[in-house]
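Step one of this worksheet: look at the structure below.
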Amino acid sequence: MNPTSEVEIASSTPSVDQGKLQDFCPSPEVTVCATTATLNSRYDLKETTVTLLHSIDIPVSYGTTYLAAGIASSNLVPQGWVQHIHPEGSVYYVNTDLNVVTDASICNVTVFRKIRAALVTVFFSLQNAKALPKDHEIYIHATSDSDICHYYMIDHDNCVEFWLQGHASSELCLPPAVSVSHLKYALQEHYWIHREYFPYRPVPDRLRQELVNVLQHGKGDQMTSFASTFVLSTAQCSEFIQMIDIETSKCNNPQMTHMIARLWTLVSRHRFDHFYGHDYARVSREQRRLVKPARADSVLFKVICSLFFRFPDAKVEELENLLTDHIVYGIHWKPFAAEQLSDWEKSSTKAVALLM
């Protein structure tokens, strides 16, 4: 599609009547399905290709009129929506009147019509909702080649992701959990992933300061305990604390929001993995909370262990201790792997020397 035809199509896009959208009945044009922030395909679009032009005519007024007219395609955005550019470079759109965000290509008339139809369905469901968080947000996504639109809701007050209908956690590809209170931390992880993908509003100062406190404690825990469960090393904690423990006025930007949200994503996942706030919380990385699978050593392995004075068996035990409940701690795995490689290199060198 050439730029001229794209402008014509976008400019003919019907604008959303912000005040009356919720008064419509659900549209049969699209099917709205629940999704999660972790199922966002922003990092999966590996096959998208573009055509590089060998020559482009640059108007004389490039630095003023041409740039203001919409190099960033702002003139193509439907009424009521604002285009934002993510710190990583991707584009997304926000409608603050409707509390909606999307990373769909709403400058495409087909996609926008589907987004509009999906929002009608969502707002119809909102009318029947018993109670909604005061500060909530809707994520909606559509593509030009499918009549299925996806959505989820964001609760900014409690920092969780939610939906307008009940769902089994397995339907949404949520991880297995012990209870709803345990699953809450997975939903908090999803919340912060959403904030990471759409960093147009700053993180409240209290949450930034809480994150600083978490990192400071994690740093101290790593320094004083070999069995710490914290996800970051002492050096990483120090660098991140230095990055985010600054004046509030310097944090009100998408770049800082993106980084703070990414760190909160790590912390939320850590809390989920280690049963934070429960009687059975894992407070040492050597503690198991899941049933340990039984080992089924082959006869050959048992023979080899006997020949090598149980050395292979000891290595297996060491590996199992590094992989507690399917969790690998990178700050402990990397030194172990480096040590094994060093031992193998020394053994290989000695073996070659003996053969020669």
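Note on naming: chains are A, B, ... as they come in the structure tokens, residues start from 1 per chain, ligands start from 1 in the order shown.
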
Query - DSSP-assigned alpha helix (DSSP H) among stretch 103-185 of chain A, expressed as a list of chain:residue names - result: A:Val109, A:Thr110, A:Val111, A:Phe112, A:Arg113, A:Lys114, A:Ile115, A:Arg116, A:Ala117, A:Ala118, A:Leu119, A:Val120, A:Thr121, A:Val122, A:Phe123, A:Phe124, A:Ser125, A:Leu126, A:Gln127, A:Val180, A:Ser181, A:His182, A:Leu183, A:Lys184, A:Tyr185

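Of the residues listed (A:Ala186, A:Ile327, A:Val82, A:Asp279), A:Val82 shows the shortest atom-to-atom separation from A:Cys107; distances use only C-alpha atoms.
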
Query raised in the report: Which residue out of A:Asn321, A:Ser233, A:Ser228, A:Thr257 has the minimum interatomic distance to A:Asp205 when only C-alpha atoms are used?
Result: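 Answer, going by the shortest atom-to-atom distance: A:Thr257.
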
Requested in this report: Based on DSSP run over this structure's backbone, return all residues of stretch 159-326 of chain A in strand (DSSP E), as a PyMOL selection string.
Outcome: chain A and resi 160-162+323-324

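Proximity to stretch 158-168 of chain A at 6 Å, evaluated using only C-alpha atoms and with sequence-adjacent residues fewer than 3 positions away removed, yields Tyr152, Met153, Ile154, Asp155, Glu171, Leu187, Gln188 and Tyr191 of chain A.
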
**Report entry** Contacts of stretch 296-298 of chain A at 12 Å (only C-alpha atoms; same-chain gap of 5+ positions) as a list in words
**Finding:**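 Listing them by chain and then by number gives Val303, Ile304, Cys305, Pro312, Asp313 and Val316 of chain A.
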
Selection above as a file: all heavy atoms, as a PDB file, in the first residue's frame:
```pdb
ATOM      1  N   VAL A 303      26.516 -48.812  36.569  1.00  0.00           N
ATOM      2  CA  VAL A 303      27.823 -49.442  36.366  1.00  0.00           C
ATOM      3  C   VAL A 303      28.915 -48.381  36.266  1.00  0.00           C
ATOM      4  O   VAL A 303      29.989 -48.500  36.869  1.00  0.00           O
ATOM      5  CB  VAL A 303      27.801 -50.325  35.102  1.00  0.00           C
ATOM      6  CG1 VAL A 303      29.215 -50.816  34.768  1.00  0.00           C
ATOM      7  CG2 VAL A 303      26.855 -51.496  35.289  1.00  0.00           C
ATOM      8  N   ILE A 304      28.623 -47.325  35.501  1.00  0.00           N
ATOM      9  CA  ILE A 304      29.601 -46.243  35.339  1.00  0.00           C
ATOM     10  C   ILE A 304      29.889 -45.577  36.681  1.00  0.00           C
ATOM     11  O   ILE A 304      31.044 -45.252  36.997  1.00  0.00           O
ATOM     12  CB  ILE A 304      29.085 -45.213  34.316  1.00  0.00           C
ATOM     13  CG1 ILE A 304      29.036 -45.838  32.921  1.00  0.00           C
ATOM     14  CG2 ILE A 304      29.965 -43.968  34.311  1.00  0.00           C
ATOM     15  CD1 ILE A 304      28.429 -44.936  31.870  1.00  0.00           C
ATOM     16  N   CYS A 305      28.845 -45.374  37.478  1.00  0.00           N
ATOM     17  CA  CYS A 305      29.037 -44.772  38.802  1.00  0.00           C
ATOM     18  C   CYS A 305      29.960 -45.628  39.664  1.00  0.00           C
ATOM     19  O   CYS A 305      30.817 -45.107  40.390  1.00  0.00           O
ATOM     20  CB  CYS A 305      27.684 -44.600  39.501  1.00  0.00           C
ATOM     21  SG  CYS A 305      26.708 -43.219  38.871  1.00  0.00           S
ATOM     22  N   PRO A 312      29.906 -39.631  38.981  1.00  0.00           N
ATOM     23  CA  PRO A 312      28.758 -39.173  38.181  1.00  0.00           C
ATOM     24  C   PRO A 312      27.506 -38.956  39.024  1.00  0.00           C
ATOM     25  O   PRO A 312      26.746 -38.008  38.806  1.00  0.00           O
ATOM     26  CB  PRO A 312      28.558 -40.295  37.162  1.00  0.00           C
ATOM     27  CG  PRO A 312      29.892 -40.947  37.060  1.00  0.00           C
ATOM     28  CD  PRO A 312      30.454 -40.892  38.452  1.00  0.00           C
ATOM     29  N   ASP A 313      27.304 -39.837  40.005  1.00  0.00           N
ATOM     30  CA  ASP A 313      26.128 -39.709  40.866  1.00  0.00           C
ATOM     31  C   ASP A 313      26.193 -38.420  41.687  1.00  0.00           C
ATOM     32  O   ASP A 313      25.184 -37.745  41.897  1.00  0.00           O
ATOM     33  CB  ASP A 313      26.043 -40.923  41.787  1.00  0.00           C
ATOM     34  CG  ASP A 313      24.703 -41.009  42.497  1.00  0.00           C
ATOM     35  OD1 ASP A 313      23.666 -40.938  41.802  1.00  0.00           O
ATOM     36  OD2 ASP A 313      24.685 -41.120  43.734  1.00  0.00           O
ATOM     37  N   VAL A 316      25.200 -35.537  39.503  1.00  0.00           N
ATOM     38  CA  VAL A 316      23.749 -35.488  39.317  1.00  0.00           C
ATOM     39  C   VAL A 316      23.085 -34.847  40.532  1.00  0.00           C
ATOM     40  O   VAL A 316      22.180 -34.012  40.402  1.00  0.00           O
ATOM     41  CB  VAL A 316      23.183 -36.903  39.070  1.00  0.00           C
ATOM     42  CG1 VAL A 316      21.657 -36.879  39.116  1.00  0.00           C
ATOM     43  CG2 VAL A 316      23.654 -37.427  37.728  1.00  0.00           C
TER      44      VAL A 316
END
```

Query raised in the report: Of the residues A:Leu355, A:Ile115, A:Val212, A:Ile193, which is the one nearest to A:His258, using only C-alpha atoms?
Result: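 Under the stated criterion, the closest residue is A:Ile193.
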
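Excluding stretch 238-247 of chain A itself and same-chain residues fewer than 2 positions from it, the residues having an atom within 9 Å of it are Arg208, Gln209, Leu211, Val212, Asn213, Leu215, Gln216, Lys219, Ser233, Thr234, Ala235, Gln236, Ser249, Lys250, Cys251, Met256, Met259, Ile260 and Leu263 of chain A, counting only C-alpha atoms.
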
Limited to N, CA and C atoms, could you put the picked residues into a file as a PDB file, in the first residue's frame?
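Saved as result.pdb:
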```
ATOM      1  N   ARG A 208       7.474   2.893  43.353  1.00  0.00           N
ATOM      2  CA  ARG A 208       8.897   2.985  43.008  1.00  0.00           C
ATOM      3  C   ARG A 208       9.753   2.857  44.263  1.00  0.00           C
ATOM      4  N   GLN A 209       9.338   3.523  45.345  1.00  0.00           N
ATOM      5  CA  GLN A 209      10.099   3.447  46.586  1.00  0.00           C
ATOM      6  C   GLN A 209      10.034   2.050  47.186  1.00  0.00           C
ATOM      7  N   LEU A 211       9.840  -0.659  45.473  1.00  0.00           N
ATOM      8  CA  LEU A 211      10.761  -1.452  44.665  1.00  0.00           C
ATOM      9  C   LEU A 211      12.202  -1.228  45.113  1.00  0.00           C
ATOM     10  N   VAL A 212      12.552   0.008  45.435  1.00  0.00           N
ATOM     11  CA  VAL A 212      13.895   0.301  45.956  1.00  0.00           C
ATOM     12  C   VAL A 212      14.138  -0.495  47.233  1.00  0.00           C
ATOM     13  N   ASN A 213      13.147  -0.530  48.114  1.00  0.00           N
ATOM     14  CA  ASN A 213      13.286  -1.276  49.366  1.00  0.00           C
ATOM     15  C   ASN A 213      13.455  -2.770  49.107  1.00  0.00           C
ATOM     16  N   LEU A 215      14.744  -4.154  46.422  1.00  0.00           N
ATOM     17  CA  LEU A 215      16.080  -4.366  45.865  1.00  0.00           C
ATOM     18  C   LEU A 215      17.158  -4.246  46.942  1.00  0.00           C
ATOM     19  N   GLN A 216      16.985  -3.312  47.859  1.00  0.00           N
ATOM     20  CA  GLN A 216      17.957  -3.167  48.945  1.00  0.00           C
ATOM     21  C   GLN A 216      17.972  -4.409  49.829  1.00  0.00           C
ATOM     22  N   LYS A 219      19.595  -7.265  47.909  1.00  0.00           N
ATOM     23  CA  LYS A 219      21.048  -7.104  47.896  1.00  0.00           C
ATOM     24  C   LYS A 219      21.658  -7.591  49.203  1.00  0.00           C
ATOM     25  N   SER A 233      21.559 -10.490  41.468  1.00  0.00           N
ATOM     26  CA  SER A 233      22.807 -10.516  42.225  1.00  0.00           C
ATOM     27  C   SER A 233      22.992  -9.199  42.970  1.00  0.00           C
ATOM     28  N   THR A 234      23.978  -9.159  43.862  1.00  0.00           N
ATOM     29  CA  THR A 234      24.240  -7.928  44.614  1.00  0.00           C
ATOM     30  C   THR A 234      24.642  -6.789  43.680  1.00  0.00           C
ATOM     31  N   ALA A 235      25.456  -7.100  42.677  1.00  0.00           N
ATOM     32  CA  ALA A 235      25.889  -6.064  41.729  1.00  0.00           C
ATOM     33  C   ALA A 235      24.702  -5.535  40.930  1.00  0.00           C
ATOM     34  N   GLN A 236      23.832  -6.427  40.490  1.00  0.00           N
ATOM     35  CA  GLN A 236      22.655  -6.003  39.734  1.00  0.00           C
ATOM     36  C   GLN A 236      21.731  -5.148  40.592  1.00  0.00           C
ATOM     37  N   SER A 249      10.783  13.812  40.058  1.00  0.00           N
ATOM     38  CA  SER A 249      10.599  14.560  38.811  1.00  0.00           C
ATOM     39  C   SER A 249      11.332  13.923  37.640  1.00  0.00           C
ATOM     40  N   LYS A 250      12.362  13.126  37.932  1.00  0.00           N
ATOM     41  CA  LYS A 250      13.133  12.487  36.871  1.00  0.00           C
ATOM     42  C   LYS A 250      12.577  11.114  36.490  1.00  0.00           C
ATOM     43  N   CYS A 251      11.505  10.708  37.161  1.00  0.00           N
ATOM     44  CA  CYS A 251      10.939   9.377  36.913  1.00  0.00           C
ATOM     45  C   CYS A 251       9.678   9.415  36.063  1.00  0.00           C
ATOM     46  N   MET A 256      11.651   5.468  32.182  1.00  0.00           N
ATOM     47  CA  MET A 256      11.751   5.033  33.567  1.00  0.00           C
ATOM     48  C   MET A 256      10.593   4.107  33.936  1.00  0.00           C
ATOM     49  N   MET A 259      11.404   0.614  32.709  1.00  0.00           N
ATOM     50  CA  MET A 259      12.390  -0.097  33.509  1.00  0.00           C
ATOM     51  C   MET A 259      11.826  -0.519  34.864  1.00  0.00           C
ATOM     52  N   ILE A 260      11.086   0.378  35.509  1.00  0.00           N
ATOM     53  CA  ILE A 260      10.499   0.043  36.809  1.00  0.00           C
ATOM     54  C   ILE A 260       9.515  -1.112  36.663  1.00  0.00           C
ATOM     55  N   LEU A 263      11.327  -4.427  36.266  1.00  0.00           N
ATOM     56  CA  LEU A 263      11.861  -4.917  37.544  1.00  0.00           C
ATOM     57  C   LEU A 263      10.741  -5.477  38.423  1.00  0.00           C
TER      58      LEU A 263
END
```
